[in-house]
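Encoded as structure tokens, the structure appears first; notes follow it.
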Amino acid sequence: GVIPLLLPLVRLGQGPARLNALDAVTNLARHSTGTRVSIAAQGGIHPLVLLVTNGSACEREGASGALRNLAFDDECRHAIVQAGGIPAFIKLLLTGTDLAKERAAGTLRNLSMGAHCEEVLQAALFDAKCIPALIAALSEQRAGLAMREQATAALRNLTFCHRNKALIASEGGVVVLARLLSDAHMVTRANAAGALANLASDSIELSCAVAEAGAVPALVTLLRDGSGAAQERAAAALGNLSFG
């Protein structure tokens, strides 16, 4: 297979050779669980995390794209965490290029897909201060459209864990999510509505915080004019607020 030929270039290649290898690994990791597991089994994750941490700007973009795709797989998620990937991606989310920020947020989204049911991932994301970083990135005036989509999806995933809800609120996340209900991108609006629906579930205090953040008029607008997913999540949020 081609994977054993590409990984040495990821580890030790220079210039265009390494960047091309990163692009190839990114594309291969998109295709199947078997390919992702093979890349991990052949030691591909650790050098990718090292490049996210210490590589050039282009290398960080390439490595973060590969790890984002690898993080669709449960086994790879744990390998990324064990290699120190979460702190590396949080730093990239806050300091990288626009493309790197998008890919960092996408990786955190994929890592958080299992966070509500896997204690190891849950603890790793919480301890690395993933939530404050996501909220800070979404609060930036120049936050990119694609990054906003990925970061709101990550926050929505994290709201499935009860202990994350209070932290999101204390970090100003409710206000940020309420503002994003009027985002230019419908997927971001739907993600924000889903996160707010989860926050308002089974908590009178958080329901009040969502209402006080001015979310209700924007949720009503989404219910009327949004996509199918946005309407479903807006209805859930309004239902939870009514119950609270």
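Residues in the structure tokens are numbered from 1 in each chain, the chains being A, B, ... in the order shown, and ligands are numbered from 1 in the order shown.
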
**Asked** stretch 187-199 of chain A: which residues within 6 Å, counting only C-alpha atoms, same-chain residues fewer than 3 positions away excluded, as a ChimeraX atom specification?
**Response** /A:149,152-153,156,159,165,177,180-181,183,230,233-234,236-237

Could you pull out all residues of stretch 38-188 of chain A with a DSSP call of helix (DSSP H, G or I) and give them as a short mmCIF file (atom, residue, chain, number, x, y, z; two decimals) with N, CA, C and O atoms, in the first residue's frame?
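Writing the result to result_3.cif gives the following:
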```
data_model
loop_
_atom_site.label_atom_id
_atom_site.label_comp_id
_atom_site.auth_asym_id
_atom_site.auth_seq_id
_atom_site.Cartn_x
_atom_site.Cartn_y
_atom_site.Cartn_z
N SER A 38 -5.45 2.01 9.67
CA SER A 38 -4.14 1.62 9.14
C SER A 38 -3.11 2.72 9.34
O SER A 38 -1.96 2.46 9.73
N ILE A 39 -3.50 3.97 9.10
CA ILE A 39 -2.58 5.10 9.31
C ILE A 39 -2.16 5.17 10.77
O ILE A 39 -0.99 5.35 11.10
N ALA A 40 -3.13 4.99 11.67
CA ALA A 40 -2.82 5.03 13.10
C ALA A 40 -1.93 3.87 13.50
O ALA A 40 -0.96 4.03 14.25
N ALA A 41 -2.24 2.66 13.00
CA ALA A 41 -1.47 1.47 13.36
C ALA A 41 -0.03 1.55 12.89
O ALA A 41 0.87 0.95 13.51
N ILE A 45 -0.07 8.99 13.60
CA ILE A 45 -0.71 10.08 14.36
C ILE A 45 0.30 10.93 15.10
O ILE A 45 0.22 12.18 15.09
N HIS A 46 1.26 10.33 15.76
CA HIS A 46 2.22 11.12 16.55
C HIS A 46 2.99 12.13 15.71
O HIS A 46 3.08 13.31 16.10
N PRO A 47 3.56 11.76 14.55
CA PRO A 47 4.25 12.78 13.75
C PRO A 47 3.33 13.88 13.24
O PRO A 47 3.75 15.02 13.07
N LEU A 48 2.07 13.56 13.00
CA LEU A 48 1.13 14.59 12.58
C LEU A 48 0.88 15.60 13.70
O LEU A 48 0.83 16.81 13.47
N VAL A 49 0.73 15.09 14.93
CA VAL A 49 0.54 15.99 16.08
C VAL A 49 1.78 16.86 16.28
O VAL A 49 1.68 18.06 16.58
N LEU A 50 2.96 16.29 16.09
CA LEU A 50 4.21 17.06 16.20
C LEU A 50 4.24 18.20 15.19
O LEU A 50 4.69 19.31 15.50
N LEU A 51 3.74 17.95 13.99
CA LEU A 51 3.73 19.00 12.97
C LEU A 51 2.71 20.09 13.31
O LEU A 51 2.95 21.26 13.04
N VAL A 52 1.57 19.70 13.89
CA VAL A 52 0.61 20.71 14.33
C VAL A 52 1.24 21.60 15.39
O VAL A 52 1.00 22.81 15.44
N THR A 53 2.11 21.02 16.20
CA THR A 53 2.74 21.76 17.30
C THR A 53 3.92 22.58 16.82
O THR A 53 4.06 23.76 17.20
N ASN A 54 4.77 22.01 15.98
CA ASN A 54 6.07 22.61 15.69
C ASN A 54 6.32 22.89 14.21
O ASN A 54 7.39 23.40 13.86
N ALA A 57 3.71 27.06 9.00
CA ALA A 57 2.29 27.37 8.86
C ALA A 57 1.61 26.41 7.89
O ALA A 57 0.52 25.89 8.16
N CYS A 58 2.26 26.13 6.77
CA CYS A 58 1.67 25.21 5.78
C CYS A 58 1.63 23.78 6.30
O CYS A 58 0.67 23.05 6.05
N GLU A 59 2.67 23.38 7.03
CA GLU A 59 2.69 22.03 7.61
C GLU A 59 1.59 21.87 8.66
O GLU A 59 0.96 20.83 8.77
N ARG A 60 1.36 22.91 9.44
CA ARG A 60 0.29 22.85 10.44
C ARG A 60 -1.07 22.72 9.77
O ARG A 60 -1.94 21.97 10.24
N GLU A 61 -1.26 23.44 8.69
CA GLU A 61 -2.52 23.32 7.95
C GLU A 61 -2.70 21.90 7.42
O GLU A 61 -3.78 21.31 7.55
N GLY A 62 -1.65 21.36 6.82
CA GLY A 62 -1.74 20.01 6.25
C GLY A 62 -1.95 18.94 7.30
O GLY A 62 -2.81 18.06 7.15
N ALA A 63 -1.19 19.01 8.38
CA ALA A 63 -1.30 18.00 9.44
C ALA A 63 -2.65 18.09 10.14
O ALA A 63 -3.26 17.06 10.49
N SER A 64 -3.16 19.30 10.33
CA SER A 64 -4.46 19.44 11.00
C SER A 64 -5.59 18.89 10.12
O SER A 64 -6.56 18.33 10.63
N GLY A 65 -5.46 19.03 8.81
CA GLY A 65 -6.46 18.45 7.92
C GLY A 65 -6.47 16.93 8.00
O GLY A 65 -7.53 16.30 8.02
N ALA A 66 -5.28 16.33 8.06
CA ALA A 66 -5.19 14.87 8.17
C ALA A 66 -5.78 14.38 9.49
O ALA A 66 -6.56 13.42 9.52
N LEU A 67 -5.44 15.05 10.58
CA LEU A 67 -5.94 14.63 11.89
C LEU A 67 -7.44 14.86 12.03
O LEU A 67 -8.14 14.09 12.71
N ARG A 68 -7.94 15.91 11.40
CA ARG A 68 -9.40 16.13 11.41
C ARG A 68 -10.11 14.92 10.82
O ARG A 68 -11.11 14.44 11.37
N ASN A 69 -9.61 14.41 9.70
CA ASN A 69 -10.25 13.25 9.08
C ASN A 69 -10.02 11.98 9.89
O ASN A 69 -10.93 11.15 10.01
N LEU A 70 -8.84 11.82 10.46
CA LEU A 70 -8.57 10.65 11.29
C LEU A 70 -9.49 10.63 12.51
O LEU A 70 -9.88 9.56 12.99
N ASP A 74 -13.17 6.22 16.18
CA ASP A 74 -13.06 6.13 17.64
C ASP A 74 -11.63 5.81 18.09
O ASP A 74 -11.11 6.45 19.01
N GLU A 75 -11.02 4.82 17.46
CA GLU A 75 -9.67 4.42 17.86
C GLU A 75 -8.67 5.56 17.64
O GLU A 75 -7.80 5.80 18.47
N CYS A 76 -8.83 6.25 16.54
CA CYS A 76 -7.92 7.36 16.23
C CYS A 76 -8.11 8.52 17.20
O CYS A 76 -7.14 9.21 17.55
N ARG A 77 -9.33 8.75 17.63
CA ARG A 77 -9.57 9.83 18.60
C ARG A 77 -8.71 9.63 19.84
O ARG A 77 -8.06 10.57 20.32
N HIS A 78 -8.72 8.43 20.35
CA HIS A 78 -7.94 8.16 21.57
C HIS A 78 -6.45 8.29 21.32
O HIS A 78 -5.71 8.79 22.17
N ALA A 79 -6.00 7.86 20.14
CA ALA A 79 -4.58 8.00 19.80
C ALA A 79 -4.17 9.46 19.70
O ALA A 79 -3.07 9.85 20.12
N ILE A 80 -5.05 10.31 19.16
CA ILE A 80 -4.76 11.74 19.05
C ILE A 80 -4.65 12.35 20.44
O ILE A 80 -3.74 13.16 20.71
N VAL A 81 -5.55 11.97 21.34
CA VAL A 81 -5.50 12.48 22.71
C VAL A 81 -4.21 12.05 23.39
O VAL A 81 -3.52 12.85 24.03
N GLN A 82 -3.85 10.78 23.24
CA GLN A 82 -2.64 10.26 23.88
C GLN A 82 -1.38 10.92 23.34
O GLN A 82 -0.38 11.03 24.05
N GLY A 85 -2.71 15.76 21.29
CA GLY A 85 -3.32 16.53 20.21
C GLY A 85 -4.24 17.64 20.66
O GLY A 85 -4.32 18.68 19.99
N ILE A 86 -4.94 17.46 21.76
CA ILE A 86 -5.94 18.47 22.14
C ILE A 86 -5.28 19.82 22.45
O ILE A 86 -5.70 20.85 21.90
N PRO A 87 -4.25 19.89 23.31
CA PRO A 87 -3.61 21.20 23.53
C PRO A 87 -3.04 21.80 22.25
O PRO A 87 -3.08 23.02 22.06
N ALA A 88 -2.52 20.94 21.37
CA ALA A 88 -1.97 21.44 20.11
C ALA A 88 -3.04 22.09 19.26
O ALA A 88 -2.83 23.15 18.65
N PHE A 89 -4.22 21.48 19.22
CA PHE A 89 -5.30 22.03 18.41
C PHE A 89 -5.91 23.27 19.04
O PHE A 89 -6.35 24.17 18.32
N ILE A 90 -5.94 23.32 20.33
CA ILE A 90 -6.44 24.53 20.99
C ILE A 90 -5.54 25.72 20.68
O ILE A 90 -6.01 26.82 20.37
N LYS A 91 -4.24 25.50 20.74
CA LYS A 91 -3.30 26.58 20.40
C LYS A 91 -3.47 27.01 18.95
O LYS A 91 -3.50 28.20 18.62
N LEU A 92 -3.63 26.03 18.05
CA LEU A 92 -3.80 26.33 16.63
C LEU A 92 -5.10 27.09 16.39
O LEU A 92 -5.15 28.01 15.57
N LEU A 93 -6.15 26.71 17.11
CA LEU A 93 -7.45 27.39 16.98
C LEU A 93 -7.34 28.88 17.30
O LEU A 93 -8.01 29.71 16.69
N LEU A 94 -6.47 29.22 18.23
CA LEU A 94 -6.37 30.60 18.70
C LEU A 94 -5.28 31.40 17.99
O LEU A 94 -5.33 32.64 17.99
N THR A 95 -4.32 30.73 17.37
CA THR A 95 -3.17 31.45 16.82
C THR A 95 -2.86 31.12 15.36
O THR A 95 -1.97 31.75 14.77
N ASP A 98 -6.27 31.26 9.05
CA ASP A 98 -7.71 31.01 8.96
C ASP A 98 -8.00 29.55 8.63
O ASP A 98 -8.91 28.94 9.21
N LEU A 99 -7.24 28.98 7.69
CA LEU A 99 -7.46 27.58 7.32
C LEU A 99 -7.11 26.66 8.48
O LEU A 99 -7.83 25.69 8.75
N ALA A 100 -6.02 26.95 9.15
CA ALA A 100 -5.62 26.13 10.30
C ALA A 100 -6.66 26.21 11.41
O ALA A 100 -6.99 25.20 12.05
N LYS A 101 -7.20 27.39 11.65
CA LYS A 101 -8.25 27.53 12.68
C LYS A 101 -9.48 26.71 12.33
O LYS A 101 -10.07 26.05 13.19
N GLU A 102 -9.87 26.75 11.07
CA GLU A 102 -11.02 25.95 10.63
C GLU A 102 -10.77 24.46 10.88
O GLU A 102 -11.64 23.74 11.40
N ARG A 103 -9.56 24.00 10.50
CA ARG A 103 -9.26 22.57 10.64
C ARG A 103 -9.09 22.18 12.11
O ARG A 103 -9.47 21.08 12.51
N ALA A 104 -8.54 23.08 12.91
CA ALA A 104 -8.42 22.81 14.35
C ALA A 104 -9.82 22.67 14.96
O ALA A 104 -10.09 21.75 15.74
N ALA A 105 -10.71 23.59 14.62
CA ALA A 105 -12.08 23.52 15.14
C ALA A 105 -12.77 22.25 14.66
O ALA A 105 -13.52 21.61 15.41
N GLY A 106 -12.51 21.87 13.40
CA GLY A 106 -13.10 20.63 12.87
C GLY A 106 -12.60 19.40 13.60
O GLY A 106 -13.36 18.46 13.85
N THR A 107 -11.32 19.39 13.95
CA THR A 107 -10.79 18.26 14.71
C THR A 107 -11.40 18.20 16.10
O THR A 107 -11.77 17.13 16.59
N LEU A 108 -11.51 19.34 16.76
CA LEU A 108 -12.14 19.38 18.08
C LEU A 108 -13.61 18.95 17.99
O LEU A 108 -14.13 18.28 18.88
N ARG A 109 -14.27 19.32 16.91
CA ARG A 109 -15.65 18.85 16.70
C ARG A 109 -15.69 17.33 16.62
O ARG A 109 -16.51 16.68 17.28
N ASN A 110 -14.77 16.75 15.84
CA ASN A 110 -14.77 15.29 15.68
C ASN A 110 -14.35 14.59 16.97
O ASN A 110 -14.89 13.54 17.30
N LEU A 111 -13.39 15.15 17.69
CA LEU A 111 -12.99 14.57 18.96
C LEU A 111 -14.14 14.60 19.97
O LEU A 111 -14.27 13.70 20.80
N SER A 112 -14.95 15.64 19.89
CA SER A 112 -16.05 15.80 20.86
C SER A 112 -17.29 15.01 20.47
O SER A 112 -18.26 14.97 21.23
N MET A 113 -17.27 14.36 19.31
CA MET A 113 -18.45 13.59 18.88
C MET A 113 -18.78 12.49 19.89
O MET A 113 -19.94 12.17 20.12
N GLY A 114 -17.75 11.92 20.50
CA GLY A 114 -18.00 10.87 21.49
C GLY A 114 -17.84 11.35 22.92
O GLY A 114 -17.84 10.54 23.83
N GLU A 119 -15.71 8.79 28.84
CA GLU A 119 -15.16 9.56 29.95
C GLU A 119 -13.75 10.06 29.65
O GLU A 119 -13.38 11.17 30.04
N VAL A 120 -12.95 9.26 28.96
CA VAL A 120 -11.55 9.65 28.69
C VAL A 120 -11.52 10.89 27.81
O VAL A 120 -10.80 11.86 28.10
N LEU A 121 -12.29 10.89 26.74
CA LEU A 121 -12.35 12.05 25.85
C LEU A 121 -12.95 13.24 26.58
O LEU A 121 -12.49 14.38 26.45
N GLN A 122 -14.00 12.98 27.32
CA GLN A 122 -14.67 14.04 28.05
C GLN A 122 -13.70 14.76 28.99
O GLN A 122 -13.62 15.99 29.01
N ALA A 123 -12.96 13.99 29.76
CA ALA A 123 -12.02 14.57 30.72
C ALA A 123 -10.89 15.30 30.01
O ALA A 123 -10.46 16.37 30.44
N ALA A 124 -10.40 14.73 28.91
CA ALA A 124 -9.28 15.35 28.19
C ALA A 124 -9.68 16.70 27.61
O ALA A 124 -8.91 17.67 27.70
N LEU A 125 -10.86 16.79 27.03
CA LEU A 125 -11.32 18.05 26.47
C LEU A 125 -11.58 19.08 27.55
O LEU A 125 -11.25 20.26 27.41
N PHE A 126 -12.15 18.64 28.67
CA PHE A 126 -12.43 19.55 29.78
C PHE A 126 -11.12 20.07 30.38
O PHE A 126 -10.96 21.28 30.59
N ASP A 127 -10.20 19.16 30.67
CA ASP A 127 -8.95 19.54 31.33
C ASP A 127 -8.07 20.44 30.47
O ASP A 127 -7.32 21.27 30.99
N CYS A 130 -10.82 23.20 26.49
CA CYS A 130 -11.35 23.28 25.13
C CYS A 130 -12.52 24.27 25.04
O CYS A 130 -12.62 25.04 24.08
N ILE A 131 -13.39 24.25 26.03
CA ILE A 131 -14.58 25.10 25.98
C ILE A 131 -14.22 26.59 25.99
O ILE A 131 -14.71 27.35 25.12
N PRO A 132 -13.39 27.07 26.91
CA PRO A 132 -13.01 28.49 26.84
C PRO A 132 -12.34 28.87 25.52
O PRO A 132 -12.57 29.98 25.02
N ALA A 133 -11.57 27.95 24.96
CA ALA A 133 -10.90 28.25 23.69
C ALA A 133 -11.90 28.39 22.55
O ALA A 133 -11.79 29.29 21.71
N LEU A 134 -12.87 27.49 22.50
CA LEU A 134 -13.89 27.58 21.44
C LEU A 134 -14.69 28.87 21.56
O LEU A 134 -14.97 29.53 20.55
N ILE A 135 -15.05 29.23 22.78
CA ILE A 135 -15.83 30.46 22.98
C ILE A 135 -15.00 31.68 22.61
O ILE A 135 -15.49 32.62 21.97
N ALA A 136 -13.72 31.67 22.98
CA ALA A 136 -12.84 32.78 22.62
C ALA A 136 -12.70 32.91 21.11
O ALA A 136 -12.73 34.02 20.56
N ALA A 137 -12.55 31.78 20.43
CA ALA A 137 -12.41 31.81 18.96
C ALA A 137 -13.68 32.35 18.31
O ALA A 137 -13.62 33.13 17.36
N LEU A 138 -14.84 31.95 18.82
CA LEU A 138 -16.10 32.42 18.25
C LEU A 138 -16.38 33.88 18.58
O LEU A 138 -17.18 34.53 17.91
N SER A 139 -15.71 34.39 19.61
CA SER A 139 -15.91 35.78 20.01
C SER A 139 -15.07 36.76 19.20
O SER A 139 -15.29 37.97 19.27
N LEU A 145 -16.04 32.18 8.59
CA LEU A 145 -17.33 31.51 8.47
C LEU A 145 -17.20 30.01 8.67
O LEU A 145 -17.97 29.40 9.41
N ALA A 146 -16.22 29.39 8.02
CA ALA A 146 -16.06 27.94 8.13
C ALA A 146 -15.64 27.53 9.54
O ALA A 146 -16.09 26.50 10.05
N MET A 147 -14.79 28.33 10.17
CA MET A 147 -14.40 28.03 11.54
C MET A 147 -15.59 28.13 12.47
O MET A 147 -15.77 27.30 13.38
N ARG A 148 -16.46 29.12 12.26
CA ARG A 148 -17.64 29.28 13.11
C ARG A 148 -18.54 28.04 13.02
O ARG A 148 -19.08 27.58 14.02
N GLU A 149 -18.68 27.52 11.83
CA GLU A 149 -19.49 26.31 11.65
C GLU A 149 -18.93 25.15 12.47
O GLU A 149 -19.66 24.45 13.19
N GLN A 150 -17.61 24.95 12.37
CA GLN A 150 -16.98 23.82 13.06
C GLN A 150 -16.99 24.03 14.58
O GLN A 150 -17.25 23.09 15.35
N ALA A 151 -16.70 25.23 15.02
CA ALA A 151 -16.60 25.49 16.46
C ALA A 151 -17.97 25.40 17.14
O ALA A 151 -18.08 24.90 18.26
N THR A 152 -19.02 25.88 16.47
CA THR A 152 -20.36 25.76 17.07
C THR A 152 -20.79 24.29 17.11
O THR A 152 -21.48 23.88 18.06
N ALA A 153 -20.39 23.51 16.12
CA ALA A 153 -20.70 22.08 16.15
C ALA A 153 -19.99 21.41 17.33
O ALA A 153 -20.56 20.54 18.00
N ALA A 154 -18.74 21.81 17.58
CA ALA A 154 -18.01 21.25 18.72
C ALA A 154 -18.70 21.62 20.03
O ALA A 154 -18.87 20.77 20.91
N LEU A 155 -19.11 22.88 20.16
CA LEU A 155 -19.80 23.29 21.39
C LEU A 155 -21.12 22.53 21.57
O LEU A 155 -21.47 22.13 22.69
N ARG A 156 -21.83 22.34 20.48
CA ARG A 156 -23.08 21.56 20.57
C ARG A 156 -22.77 20.15 21.08
O ARG A 156 -23.48 19.63 21.96
N ASN A 157 -21.74 19.50 20.53
CA ASN A 157 -21.37 18.18 21.01
C ASN A 157 -21.07 18.20 22.51
O ASN A 157 -21.46 17.30 23.25
N LEU A 158 -20.37 19.23 22.94
CA LEU A 158 -19.95 19.30 24.34
C LEU A 158 -21.11 19.56 25.29
O LEU A 158 -21.02 19.25 26.48
N HIS A 162 -23.22 16.92 30.95
CA HIS A 162 -23.84 17.82 31.92
C HIS A 162 -22.85 18.81 32.53
O HIS A 162 -23.16 20.00 32.68
N ARG A 163 -21.65 18.34 32.90
CA ARG A 163 -20.74 19.23 33.61
C ARG A 163 -20.19 20.35 32.72
O ARG A 163 -19.69 21.35 33.21
N ASN A 164 -20.29 20.17 31.40
CA ASN A 164 -19.82 21.22 30.50
C ASN A 164 -20.78 22.41 30.44
O ASN A 164 -20.37 23.52 30.07
N LYS A 165 -22.04 22.17 30.76
CA LYS A 165 -23.05 23.22 30.58
C LYS A 165 -22.76 24.45 31.43
O LYS A 165 -22.80 25.59 30.95
N ALA A 166 -22.46 24.23 32.70
CA ALA A 166 -22.19 25.36 33.59
C ALA A 166 -20.94 26.12 33.16
O ALA A 166 -20.89 27.36 33.25
N LEU A 167 -19.95 25.38 32.66
CA LEU A 167 -18.72 26.04 32.21
C LEU A 167 -18.98 26.90 30.98
O LEU A 167 -18.47 28.02 30.87
N ILE A 168 -19.76 26.39 30.05
CA ILE A 168 -20.10 27.17 28.86
C ILE A 168 -20.79 28.47 29.26
O ILE A 168 -20.47 29.55 28.75
N ALA A 169 -21.70 28.38 30.22
CA ALA A 169 -22.40 29.59 30.68
C ALA A 169 -21.45 30.55 31.39
O ALA A 169 -21.48 31.76 31.13
N SER A 170 -20.59 30.02 32.25
CA SER A 170 -19.70 30.90 33.03
C SER A 170 -18.65 31.57 32.15
O SER A 170 -18.13 32.63 32.50
N GLY A 173 -20.52 31.71 27.06
CA GLY A 173 -20.92 31.00 25.85
C GLY A 173 -22.37 31.17 25.46
O GLY A 173 -22.70 31.11 24.27
N VAL A 174 -23.24 31.39 26.43
CA VAL A 174 -24.66 31.55 26.10
C VAL A 174 -24.87 32.80 25.24
O VAL A 174 -25.59 32.77 24.23
N VAL A 175 -24.24 33.90 25.62
CA VAL A 175 -24.36 35.14 24.86
C VAL A 175 -23.79 34.98 23.45
O VAL A 175 -24.38 35.44 22.46
N VAL A 176 -22.64 34.30 23.36
CA VAL A 176 -22.00 34.09 22.06
C VAL A 176 -22.90 33.23 21.16
O VAL A 176 -23.12 33.54 19.99
N LEU A 177 -23.45 32.16 21.71
CA LEU A 177 -24.33 31.28 20.93
C LEU A 177 -25.61 32.00 20.52
O LEU A 177 -26.10 31.81 19.39
N ALA A 178 -26.15 32.82 21.40
CA ALA A 178 -27.36 33.58 21.06
C ALA A 178 -27.09 34.52 19.88
O ALA A 178 -27.93 34.67 18.98
N ARG A 179 -25.92 35.15 19.90
CA ARG A 179 -25.56 36.04 18.78
C ARG A 179 -25.44 35.25 17.48
O ARG A 179 -25.84 35.73 16.41
N LEU A 180 -24.91 34.03 17.55
CA LEU A 180 -24.68 33.22 16.35
C LEU A 180 -25.98 32.64 15.78
O LEU A 180 -25.96 32.08 14.68
N MET A 186 -26.31 29.25 7.62
CA MET A 186 -27.42 28.53 8.24
C MET A 186 -26.95 27.37 9.10
O MET A 186 -27.55 27.07 10.15
N VAL A 187 -25.88 26.69 8.70
CA VAL A 187 -25.40 25.55 9.49
C VAL A 187 -24.93 26.03 10.87
O VAL A 187 -25.20 25.39 11.89
N THR A 188 -24.24 27.17 10.90
CA THR A 188 -23.80 27.73 12.18
C THR A 188 -25.00 28.09 13.03
O THR A 188 -25.02 27.85 14.25
#
```

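Each of A:Gly144, A:Asn27, A:Ala235, A:Ser242 was checked against A:Ala184 using only C-alpha atoms; the smallest atom-to-atom distance is that of A:Gly144.
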
**Prompt:** Which residues, written as number ranges by chain, have at least one atom at most 10 Å from A:Ile204, with only C-alpha atoms counted and residues fewer than 6 positions away on the same chain left out?
**Reply:** A: 210, 240-241, 243-244
